[in-house]
>>> print(open('coords-v9.cif').read())   # mmCIF, C-alpha atoms
data_run
loop_
_atom_site.label_atom_id
_atom_site.label_comp_id
_atom_site.auth_asym_id
_atom_site.auth_seq_id
_atom_site.Cartn_x
_atom_site.Cartn_y
_atom_site.Cartn_z
CA MET A 1297 -301.15 -65.02 77.71
CA THR A 1298 -301.19 -68.56 76.39
CA GLY A 1299 -303.79 -71.11 77.37
CA PRO A 1300 -302.79 -74.40 79.02
CA ASP A 1301 -303.55 -76.36 75.83
CA GLU A 1302 -301.52 -74.02 73.73
CA SER A 1303 -298.50 -74.20 76.03
CA ARG A 1304 -298.79 -77.99 76.18
CA ALA A 1305 -298.72 -78.08 72.38
CA ALA A 1306 -295.66 -75.82 72.43
CA ASP A 1307 -294.01 -78.13 75.00
CA ALA A 1308 -294.69 -81.14 72.81
CA GLY A 1309 -293.19 -79.35 69.83
CA ARG A 1310 -290.15 -78.40 71.85
CA ARG A 1311 -289.80 -81.96 73.11
CA ARG A 1312 -289.93 -83.29 69.55
CA PHE A 1313 -287.27 -80.80 68.53
CA LEU A 1314 -285.00 -81.64 71.44
CA THR A 1315 -285.40 -85.39 70.87
CA GLY A 1316 -284.58 -84.86 67.22
CA ALA A 1317 -281.56 -82.79 68.14
CA ALA A 1318 -280.36 -85.45 70.58
CA MET A 1319 -280.85 -88.18 67.98
CA SER A 1320 -278.96 -86.28 65.33
CA THR A 1321 -276.16 -85.62 67.81
CA LEU A 1322 -275.94 -89.35 68.52
CA LEU A 1323 -275.81 -90.00 64.79
CA LEU A 1324 -273.17 -87.34 64.26
CA ALA A 1325 -271.04 -88.23 67.24
CA PRO A 1326 -269.11 -91.19 65.80
CA GLY A 1327 -267.95 -89.11 62.84
CA VAL A 1328 -266.93 -86.15 64.96
CA SER A 1329 -264.86 -88.20 67.41
CA LEU A 1330 -263.61 -85.82 70.04
CA ILE A 1331 -259.88 -85.84 70.38
CA THR A 1332 -258.45 -86.62 73.73
CA TYR A 1333 -254.85 -85.64 74.05
CA ALA A 1334 -252.83 -87.84 76.29
CA ALA A 1335 -251.06 -85.69 78.85
CA GLY A 1336 -247.86 -87.22 77.51
CA ARG A 1337 -245.52 -89.45 79.40
CA GLY A 1338 -242.73 -86.99 79.83
CA ALA A 1339 -244.37 -83.58 79.33
CA THR A 1340 -242.78 -80.81 81.37
CA ALA A 1341 -244.88 -78.87 83.86
CA GLY A 1342 -244.52 -75.66 81.88
CA ALA A 1343 -243.92 -72.05 82.86
CA SER A 1344 -244.94 -71.11 86.39
CA SER A 1345 -245.92 -67.61 87.53
CA LYS A 1346 -244.14 -68.32 90.83
CA VAL A 1347 -240.87 -67.95 88.94
CA ARG A 1348 -239.50 -64.77 87.38
CA TRP A 1349 -236.43 -65.45 85.30
CA GLY A 1350 -233.83 -62.73 85.29
CA LEU A 1351 -230.27 -61.91 84.37
CA LEU A 1352 -227.72 -59.95 86.36
CA ILE A 1353 -224.83 -58.50 84.40
CA ASP A 1354 -221.76 -57.24 86.21
CA THR A 1355 -220.29 -54.58 83.91
CA ASN A 1356 -217.08 -54.52 86.01
CA ARG A 1357 -216.35 -58.07 84.86
CA CYS A 1358 -217.45 -57.60 81.24
CA THR A 1359 -214.47 -56.75 79.04
CA ALA A 1360 -214.71 -54.63 75.91
CA SER A 1361 -212.84 -57.10 73.71
CA CYS A 1362 -214.95 -60.15 74.62
CA THR A 1363 -217.96 -61.12 72.51
CA ALA A 1364 -218.41 -64.68 73.78
CA CYS A 1365 -222.07 -64.12 74.70
CA VAL A 1366 -222.89 -62.72 71.26
CA THR A 1367 -221.12 -65.58 69.48
CA ALA A 1368 -222.81 -68.20 71.67
CA CYS A 1369 -226.24 -66.68 70.99
CA SER A 1370 -225.56 -66.49 67.27
CA THR A 1371 -224.52 -70.13 67.01
CA THR A 1372 -227.26 -71.41 69.33
CA HIS A 1373 -230.06 -69.67 67.47
CA GLY A 1374 -228.53 -69.54 64.02
CA TRP A 1375 -228.72 -65.80 63.37
CA LYS A 1376 -225.90 -64.03 61.60
CA ASP A 1377 -224.94 -60.40 61.86
CA LEU A 1378 -223.02 -59.65 58.68
CA GLY A 1379 -222.86 -55.96 59.47
CA ARG A 1380 -225.75 -54.91 57.27
CA PRO A 1381 -228.25 -52.54 58.89
CA THR A 1382 -231.08 -55.05 58.54
CA ASP A 1383 -229.25 -58.05 60.00
CA PRO A 1384 -230.76 -59.53 63.16
CA GLN A 1385 -229.12 -58.91 66.53
CA TRP A 1386 -230.57 -60.85 69.44
CA ILE A 1387 -227.77 -59.58 71.65
CA ARG A 1388 -225.13 -56.92 71.04
CA LYS A 1389 -222.20 -55.43 72.90
CA VAL A 1390 -222.72 -51.76 73.72
CA THR A 1391 -220.01 -49.38 74.92
CA LEU A 1392 -221.01 -46.60 77.26
CA SER A 1393 -218.71 -43.75 78.09
CA ASP A 1394 -219.05 -40.85 80.47
CA PRO A 1395 -217.53 -37.78 78.82
CA ALA A 1396 -217.10 -36.03 82.17
CA SER A 1397 -214.96 -38.72 83.79
CA GLY A 1398 -213.77 -40.68 80.79
CA THR A 1399 -215.07 -43.96 82.25
CA THR A 1400 -216.09 -46.52 79.67
CA ARG A 1401 -218.15 -49.62 80.18
CA SER A 1402 -218.86 -52.47 77.80
CA LEU A 1403 -222.01 -54.47 78.32
CA PRO A 1404 -224.24 -56.91 76.48
CA VAL A 1405 -227.75 -55.67 75.70
CA MET A 1406 -230.53 -58.03 74.72
CA CYS A 1407 -234.29 -58.21 75.31
CA GLN A 1408 -234.67 -56.95 78.86
CA HIS A 1409 -237.72 -59.17 79.53
CA CYS A 1410 -239.75 -56.36 81.10
CA ALA A 1411 -242.53 -57.03 83.57
CA GLU A 1412 -244.46 -54.26 81.77
CA PRO A 1413 -243.32 -54.86 78.18
CA PRO A 1414 -244.30 -52.07 75.74
CA CYS A 1415 -243.87 -54.51 72.84
CA VAL A 1416 -246.72 -56.60 74.25
CA ASP A 1417 -248.93 -53.52 74.71
CA VAL A 1418 -248.67 -52.46 71.08
CA CYS A 1419 -248.87 -55.84 69.34
CA PRO A 1420 -252.06 -55.90 67.24
CA THR A 1421 -252.29 -59.70 67.07
CA GLY A 1422 -251.15 -60.73 70.53
CA ALA A 1423 -248.11 -62.41 69.02
CA SER A 1424 -245.82 -60.48 71.34
CA PHE A 1425 -246.52 -61.88 74.76
CA LYS A 1426 -245.09 -62.46 78.20
CA ARG A 1427 -244.90 -65.99 79.48
CA ALA A 1428 -246.01 -66.81 83.02
CA ASP A 1429 -242.38 -66.92 84.17
CA GLY A 1430 -241.65 -63.43 82.86
CA ILE A 1431 -239.98 -64.31 79.55
CA VAL A 1432 -241.10 -61.99 76.74
CA LEU A 1433 -241.51 -63.85 73.46
CA VAL A 1434 -242.82 -63.50 69.92
CA ASN A 1435 -245.24 -66.16 68.80
CA ARG A 1436 -244.14 -66.19 65.20
CA HIS A 1437 -247.16 -68.27 64.22
CA THR A 1438 -249.32 -65.18 64.77
CA CYS A 1439 -246.76 -62.43 64.10
CA ILE A 1440 -247.73 -60.47 60.99
CA GLY A 1441 -244.42 -58.62 60.78
CA CYS A 1442 -245.83 -55.14 61.35
CA ARG A 1443 -242.84 -54.19 63.53
CA TYR A 1444 -244.82 -52.04 65.98
CA CYS A 1445 -243.04 -53.87 68.78
CA MET A 1446 -239.68 -52.87 67.35
CA LEU A 1447 -240.73 -49.22 67.50
CA ALA A 1448 -242.12 -49.59 71.01
CA CYS A 1449 -239.03 -51.24 72.50
CA PRO A 1450 -236.77 -48.63 74.11
CA TYR A 1451 -233.84 -51.07 74.05
CA LYS A 1452 -233.91 -51.79 70.29
CA ALA A 1453 -233.94 -55.43 71.29
CA ARG A 1454 -235.99 -56.79 68.42
CA SER A 1455 -235.06 -57.59 64.84
CA PHE A 1456 -237.10 -58.24 61.75
CA VAL A 1457 -236.21 -61.08 59.42
CA HIS A 1458 -236.00 -59.61 55.93
CA GLU A 1459 -234.83 -62.60 53.95
CA ASP A 1460 -235.64 -66.24 53.48
CA ILE A 1461 -233.81 -68.45 55.95
CA THR A 1462 -232.75 -72.03 55.41
CA ASP A 1463 -231.01 -74.54 57.68
CA GLN A 1464 -232.43 -73.21 60.91
CA GLU A 1465 -231.40 -74.76 64.18
CA PRO A 1466 -233.97 -77.44 65.11
CA HIS A 1467 -234.58 -75.76 68.47
CA SER A 1468 -234.75 -72.22 67.15
CA PRO A 1469 -237.26 -71.80 64.35
CA ARG A 1470 -236.84 -68.48 62.51
CA GLY A 1471 -238.46 -67.21 59.35
CA LYS A 1472 -238.89 -64.32 56.98
CA GLY A 1473 -241.54 -61.73 57.76
CA THR A 1474 -241.54 -62.13 61.51
CA VAL A 1475 -239.97 -60.25 64.39
CA GLU A 1476 -237.56 -62.02 66.70
CA SER A 1477 -235.50 -61.27 69.77
CA CYS A 1478 -233.70 -62.87 72.69
CA ASN A 1479 -235.97 -65.58 74.08
CA LEU A 1480 -233.69 -66.15 77.08
CA CYS A 1481 -233.00 -69.57 75.49
CA VAL A 1482 -236.44 -70.72 76.48
CA PRO A 1483 -236.00 -74.33 75.27
CA ARG A 1484 -232.88 -74.58 77.40
CA ILE A 1485 -234.61 -73.07 80.44
CA ASP A 1486 -237.50 -75.51 80.04
CA ALA A 1487 -234.92 -78.30 79.99
CA GLY A 1488 -233.39 -77.01 83.24
CA GLN A 1489 -230.33 -75.43 81.60
CA ARG A 1490 -229.08 -71.85 81.62
CA PRO A 1491 -229.07 -69.49 78.63
CA ALA A 1492 -226.20 -70.03 76.16
CA CYS A 1493 -224.75 -66.53 76.74
CA VAL A 1494 -224.45 -67.09 80.49
CA GLU A 1495 -222.66 -70.39 79.98
CA ALA A 1496 -220.32 -68.88 77.39
CA CYS A 1497 -219.45 -65.96 79.72
CA GLU A 1498 -218.62 -68.40 82.48
CA ARG A 1499 -216.65 -70.67 80.14
CA ASP A 1500 -214.47 -67.71 79.13
CA GLY A 1501 -213.71 -67.04 82.79
CA HIS A 1502 -215.54 -63.73 83.09
CA GLY A 1503 -218.59 -64.85 85.04
CA ALA A 1504 -220.18 -61.49 84.36
CA MET A 1505 -223.67 -62.93 83.88
CA ILE A 1506 -225.83 -64.62 86.50
CA PHE A 1507 -229.08 -66.26 85.50
CA GLY A 1508 -231.74 -67.16 88.02
CA ASP A 1509 -235.14 -66.76 89.60
CA LEU A 1510 -235.73 -63.20 90.82
CA ASN A 1511 -238.61 -64.43 93.00
CA ASP A 1512 -236.46 -66.89 94.95
CA PRO A 1513 -234.60 -65.15 97.82
CA ASP A 1514 -232.07 -68.03 97.97
CA SER A 1515 -231.13 -67.96 94.30
CA ALA A 1516 -227.63 -66.84 93.28
CA ILE A 1517 -229.01 -63.84 91.42
CA ARG A 1518 -230.99 -62.60 94.45
CA ARG A 1519 -228.02 -63.09 96.80
CA GLU A 1520 -225.82 -61.07 94.46
CA LEU A 1521 -228.53 -58.40 94.11
CA ALA A 1522 -228.67 -58.18 97.89
CA ARG A 1523 -224.89 -57.75 98.12
CA TYR A 1524 -224.35 -55.01 95.57
CA PRO A 1525 -226.82 -52.56 94.06
CA ALA A 1526 -227.93 -53.13 90.48
CA ALA A 1527 -230.09 -51.07 88.20
CA PRO A 1528 -232.07 -51.77 85.05
CA LEU A 1529 -231.36 -49.79 81.88
CA ARG A 1530 -233.67 -46.80 81.53
CA ALA A 1531 -235.11 -47.26 85.01
CA ASP A 1532 -237.05 -44.03 84.43
CA LEU A 1533 -239.40 -45.89 82.07
CA ARG A 1534 -240.54 -48.12 84.96
CA LEU A 1535 -240.79 -51.22 82.78
CA ASP A 1536 -239.32 -53.41 85.55
CA PRO A 1537 -236.90 -55.32 83.32
CA GLY A 1538 -235.75 -58.80 84.29
CA VAL A 1539 -232.20 -57.90 83.23
CA ARG A 1540 -230.23 -55.81 85.72
CA TYR A 1541 -226.79 -54.26 85.47
CA GLN A 1542 -224.18 -53.72 88.16
CA GLY A 1543 -221.48 -51.09 87.99
CA LEU A 1544 -223.08 -48.63 85.61
CA MET B 771 -295.66 -80.11 25.15
CA ARG B 772 -294.12 -81.02 21.86
CA ASP B 773 -290.67 -80.48 23.32
CA ARG B 774 -291.12 -83.02 26.11
CA LEU B 775 -288.73 -85.54 24.59
CA LEU B 776 -286.12 -82.88 23.95
CA ILE B 777 -286.37 -81.52 27.51
CA LEU B 778 -286.14 -84.96 29.08
CA ALA B 779 -283.16 -85.87 26.94
CA GLY B 780 -281.48 -82.60 27.88
CA LEU B 781 -282.14 -83.24 31.56
CA ALA B 782 -280.72 -86.75 31.28
CA VAL B 783 -277.55 -85.39 29.68
CA LEU B 784 -277.26 -82.74 32.42
CA VAL B 785 -277.68 -85.28 35.24
CA GLY B 786 -275.19 -87.54 33.50
CA LEU B 787 -272.64 -84.75 33.25
CA LEU B 788 -273.13 -83.69 36.87
CA THR B 789 -272.65 -87.21 38.18
CA TRP B 790 -269.83 -87.98 35.74
CA PRO B 791 -267.06 -88.10 38.39
CA SER B 792 -269.02 -90.67 40.40
CA TRP B 793 -269.54 -92.93 37.36
CA ARG B 794 -265.90 -92.63 36.48
CA GLY B 795 -264.90 -93.53 40.02
CA LEU B 796 -267.21 -96.54 40.03
CA SER B 797 -265.91 -97.83 36.74
CA ALA B 798 -262.24 -97.48 37.75
CA ARG B 799 -260.49 -100.80 38.14
CA GLU B 800 -258.43 -99.86 41.20
CA VAL B 801 -259.68 -97.97 44.17
CA ALA B 802 -257.38 -95.02 44.66
CA SER B 803 -255.98 -94.71 48.16
CA ALA B 804 -254.00 -91.91 49.73
CA PRO B 805 -250.24 -92.40 49.76
CA THR B 806 -248.46 -93.03 53.03
CA PRO B 807 -245.61 -90.92 54.35
CA ALA B 808 -242.08 -92.25 54.21
CA VAL B 809 -240.65 -93.73 57.39
CA ARG B 810 -237.20 -94.98 58.28
CA ALA B 811 -236.65 -98.71 58.02
CA GLY B 812 -237.43 -100.81 61.06
CA LEU B 813 -239.84 -98.37 62.68
CA THR B 814 -243.40 -99.54 63.21
CA HIS B 815 -244.99 -97.28 65.80
CA CYS B 816 -245.92 -93.64 65.48
CA ILE B 817 -246.78 -91.58 68.55
CA ARG B 818 -250.43 -92.24 67.71
CA ASP B 819 -252.42 -94.78 65.78
CA THR B 820 -251.85 -94.46 62.00
CA GLU B 821 -255.51 -93.86 61.15
CA TRP B 822 -255.75 -91.24 63.89
CA MET B 823 -252.61 -89.51 62.64
CA ARG B 824 -253.88 -89.47 59.08
CA ARG B 825 -256.95 -87.54 60.15
CA HIS B 826 -255.77 -85.50 63.12
CA HIS B 827 -252.00 -84.91 62.92
CA MET B 828 -252.58 -81.20 62.18
CA GLN B 829 -254.61 -80.81 65.37
CA LEU B 830 -251.86 -82.51 67.34
CA LEU B 831 -249.29 -80.18 65.77
CA MET B 832 -251.40 -77.10 66.59
CA HIS B 833 -252.16 -78.24 70.12
CA THR B 834 -248.54 -79.07 70.88
CA ARG B 835 -247.42 -75.82 69.26
CA ASP B 836 -249.63 -73.67 71.49
CA ALA B 837 -248.77 -75.64 74.63
CA VAL B 838 -245.06 -75.20 73.93
CA VAL B 839 -245.08 -71.56 72.81
CA TYR B 840 -247.45 -70.09 75.38
CA ASP B 841 -247.08 -72.37 78.38
CA GLY B 842 -243.69 -74.02 77.91
CA ILE B 843 -245.24 -77.48 78.26
CA ARG B 844 -242.86 -79.65 76.29
CA ASP B 845 -243.25 -83.35 75.69
CA PRO B 846 -239.96 -84.74 74.38
CA ASP B 847 -241.91 -87.51 72.65
CA GLU B 848 -244.08 -85.09 70.69
CA THR B 849 -241.93 -82.57 68.88
CA LEU B 850 -241.60 -81.50 65.26
CA PRO B 851 -237.89 -82.50 65.21
CA GLY B 852 -239.17 -85.82 66.56
CA CYS B 853 -241.27 -86.23 63.38
CA MET B 854 -238.10 -85.67 61.34
CA ASN B 855 -236.17 -88.23 63.39
CA CYS B 856 -238.43 -91.05 62.19
CA HIS B 857 -239.95 -89.86 58.93
CA LEU B 858 -237.10 -88.14 57.16
CA THR B 859 -235.48 -90.66 54.84
CA ARG B 860 -232.37 -90.14 52.75
CA LEU B 861 -232.42 -89.95 48.97
CA ALA B 862 -230.38 -92.33 46.83
CA ASP B 863 -227.40 -89.97 46.95
CA GLY B 864 -227.45 -89.91 50.75
CA SER B 865 -228.80 -86.40 51.11
CA TYR B 866 -232.10 -85.40 52.68
CA PRO B 867 -234.92 -84.26 50.41
CA THR B 868 -235.68 -80.54 50.33
CA VAL B 869 -239.00 -79.26 51.66
CA SER B 870 -240.36 -78.80 48.14
CA SER B 871 -239.28 -82.26 46.98
CA PRO B 872 -242.03 -84.87 46.40
CA GLN B 873 -239.83 -87.25 48.38
CA PHE B 874 -240.15 -85.12 51.52
CA PHE B 875 -242.44 -87.18 53.75
CA CYS B 876 -245.06 -84.45 54.29
CA ASN B 877 -245.36 -83.96 50.55
CA SER B 878 -246.18 -87.59 49.80
CA CYS B 879 -249.69 -86.90 51.14
CA HIS B 880 -249.86 -83.14 50.88
CA LEU B 881 -249.22 -83.05 47.14
CA TYR B 882 -251.87 -85.75 46.70
CA ALA B 883 -254.37 -83.85 48.85
CA GLY B 884 -253.43 -80.44 47.45
CA VAL B 885 -252.81 -79.00 50.89
CA GLU B 886 -249.95 -76.57 51.24
CA THR B 887 -248.12 -76.04 54.50
CA ASP B 888 -245.62 -73.35 55.44
CA CYS B 889 -244.20 -75.00 58.57
CA PHE B 890 -240.74 -75.29 57.09
CA SER B 891 -240.28 -71.69 56.08
CA CYS B 892 -239.34 -71.26 59.76
CA HIS B 893 -238.87 -74.75 61.19
CA SER B 894 -235.87 -76.91 60.49
CA ASN B 895 -236.49 -79.91 58.27
CA ARG B 896 -233.51 -81.82 59.64
CA PRO B 897 -233.45 -84.43 62.39
CA ASP B 898 -232.37 -83.04 65.73
CA PRO B 899 -229.39 -84.85 67.28
CA ALA B 900 -230.50 -83.46 70.66
CA MET B 901 -233.75 -85.39 70.25
CA GLY B 902 -231.99 -88.62 69.40
CA GLY B 903 -232.04 -88.12 65.64
CA THR B 904 -229.28 -89.07 63.21
CA PRO B 905 -228.03 -85.91 61.53
#
>>> encode(input="coords-v9.cif", output="structure tokens")
Amino acid sequence: MTGPDESRAADAGRRRFLTGAAMSTLLLAPGVSLITYAAGRGATAGASSKVRWGLLIDTNRCTASCTACVTACSTTHGWKDLGRPTDPQWIRKVTLSDPASGTTRSLPVMCQHCAEPPCVDVCPTGASFKRADGIVLVNRHTCIGCRYCMLACPYKARSFVHEDITDQEPHSPRGKGTVESCNLCVPRIDAGQRPACVEACERDGHGAMIFGDLNDPDSAIRRELARYPAAPLRADLRLDPGVRYQGL
Amino acid sequence: MRDRLLILAGLAVLVGLLTWPSWRGLSAREVASAPTPAVRAGLTHCIRDTEWMRRHHMQLLMHTRDAVVYDGIRDPDETLPGCMNCHLTRLADGSYPTVSSPQFFCNSCHLYAGVETDCFSCHSNRPDPAMGGTP
């Protein structure tokens, strides 16, 4: 129990302290100038969770000899696969064959942009993350290069950069000691364009790749999905990939 | 207390030594000022006030970086290639300076301040034609 006098004395002390604190804040304030960031005249709205970007690949249209998507990705992002086991591959052509029937299929495989990405689950720094619109990315500012995500990915979609890189593409920063993978051409998507591989496939007359919003029932990708069945790779893992394949 | 004079003299020498940099600074003829980064001819405005940029450009870079990487919020006026478009100047032989060169515009201050950056181990140090830069 404190007497009224005692508590009044404590109040006065507290008041002095608070006044002092306020004064020192006022004195400090001009030096600490808070930064106000202008929203920017032309800043884009950013990724929206209403959108889920996806790819639909028609393996009936994809030909074994064509590597237009791989070449387009390589030139857009500046990675080179010289055939060494450690060279990066953001996208690769994979040939599947059924020994029973002899059917073969050639298809591009890249980051499948899972809704439940295992690479994000295992990342110790949070560098591997899923954007609001479903694109799975590596924030290479926080990536420590531990490569857990590479082990966790069932699609072998990620690569580690082993060597110093120079002359990167201005829109695709890449550097030694970090993990990288298909980013679905995120700068292009943010600018309202389609991924480079999809455009290259169309340019070569195959039209085997459709890019679009899986959440929009009127989008080309959803209309095509409604017409013919499509399945993700390794559907048994229930990762809900954003990339689907027809004709497998 | 026979040593009083000795102690005081010793103290004076100590204080003198400790404050030596200040005396040297005061006696210098010219006041040293931080160098300014290179900029292409004919350009006068940065995306922010010069004094603000000098103090806070790293916060702007970090803020923009996180907004772009995590949220996809891109301001075409505030990009790293945009910095190159204005600040990267050619050397006498017409080539662009390397990242480690003292002529590289970041280095003009960063070498002076002794602050090392590793932005360009990943990022391109060339102007981006897509952002209106001259290659």
>>> resolve_selection(input="coords-v9.cif", expression="the PyMOL selection byres ((chain B) within 6 of (chain A))", output="ChimeraX atom specification")
/B:841-845,891-894,898
>>> atom_distance(input="coords-v9.cif", atom1="CA of Phe890 (chain B)", atom2="CA of Thr868 (chain B)")
9.9 Å
>>> resolve_selection(input="coords-v9.cif", expression="the PyMOL selection byres ((chain B and resi 806) around 10)", output="PyMOL selection string")
chain B and resi 803-805+807-809+820+824+875-879
>>> residues_around(input="coords-v9.cif", residues="region 1348-1362 of chain A", least_positions_apart="5", cutoff="7 Å", atoms="all atoms listed in the file", output="compact mmCIF listing (two decimals) with C-alpha atoms, in the frame of the given file")
# COMPACT_ATOMS: atom_id res chain seq x y z
CA ARG A 1401 -218.15 -49.62 80.18
CA SER A 1402 -218.86 -52.47 77.80
CA LEU A 1403 -222.01 -54.47 78.32
CA ASP A 1429 -242.38 -66.92 84.17
CA GLY A 1430 -241.65 -63.43 82.86
CA ILE A 1431 -239.98 -64.31 79.55
CA HIS A 1502 -215.54 -63.73 83.09
CA ALA A 1504 -220.18 -61.49 84.36
CA MET A 1505 -223.67 -62.93 83.88
CA ILE A 1506 -225.83 -64.62 86.50
CA PHE A 1507 -229.08 -66.26 85.50
CA GLY A 1508 -231.74 -67.16 88.02
CA ASP A 1509 -235.14 -66.76 89.60
CA LEU A 1510 -235.73 -63.20 90.82
CA ASN A 1511 -238.61 -64.43 93.00
CA ILE A 1517 -229.01 -63.84 91.42
CA GLY A 1538 -235.75 -58.80 84.29
CA VAL A 1539 -232.20 -57.90 83.23
CA ARG A 1540 -230.23 -55.81 85.72
CA TYR A 1541 -226.79 -54.26 85.47
CA GLN A 1542 -224.18 -53.72 88.16
CA GLY A 1543 -221.48 -51.09 87.99
CA LEU A 1544 -223.08 -48.63 85.61
>>> resolve_selection(input="coords-v9.cif", expression="the PyMOL selection byres ((chain A and resi 1406) around 10)", output="ChimeraX atom specification")
/A:1366,1385-1389,1403-1405,1407-1409,1451-1454,1477-1480,1539
>>> closest_residue(input="coords-v9.cif", among="A:His1458, A:Pro1513, A:Thr1438, A:Leu1535", to="Arg1380 (chain A)", atoms="only C-alpha atoms")
A:His1458
>>> atom_distance(input="coords-v9.cif", atom1="CA of Lys1346 (chain A)", atom2="CA of Val1432 (chain A)")
15.7 Å
>>> closest_residue(input="coords-v9.cif", among="A:Asp1417, A:Ser1345, A:Ala1411, A:Cys1493", to="His1373 (chain A)", atoms="all atoms listed in the file")
A:Cys1493
>>> atom_distance(input="coords-v9.cif", atom1="CA of Glu1412 (chain A)", atom2="CA of Asp1536 (chain A)")
6.4 Å
>>> closest_residue(input="coords-v9.cif", among="B:Ile777, B:Met832, B:Leu858, B:Ala900", to="Arg1484 (chain A)", atoms="only C-alpha atoms")
B:Ala900
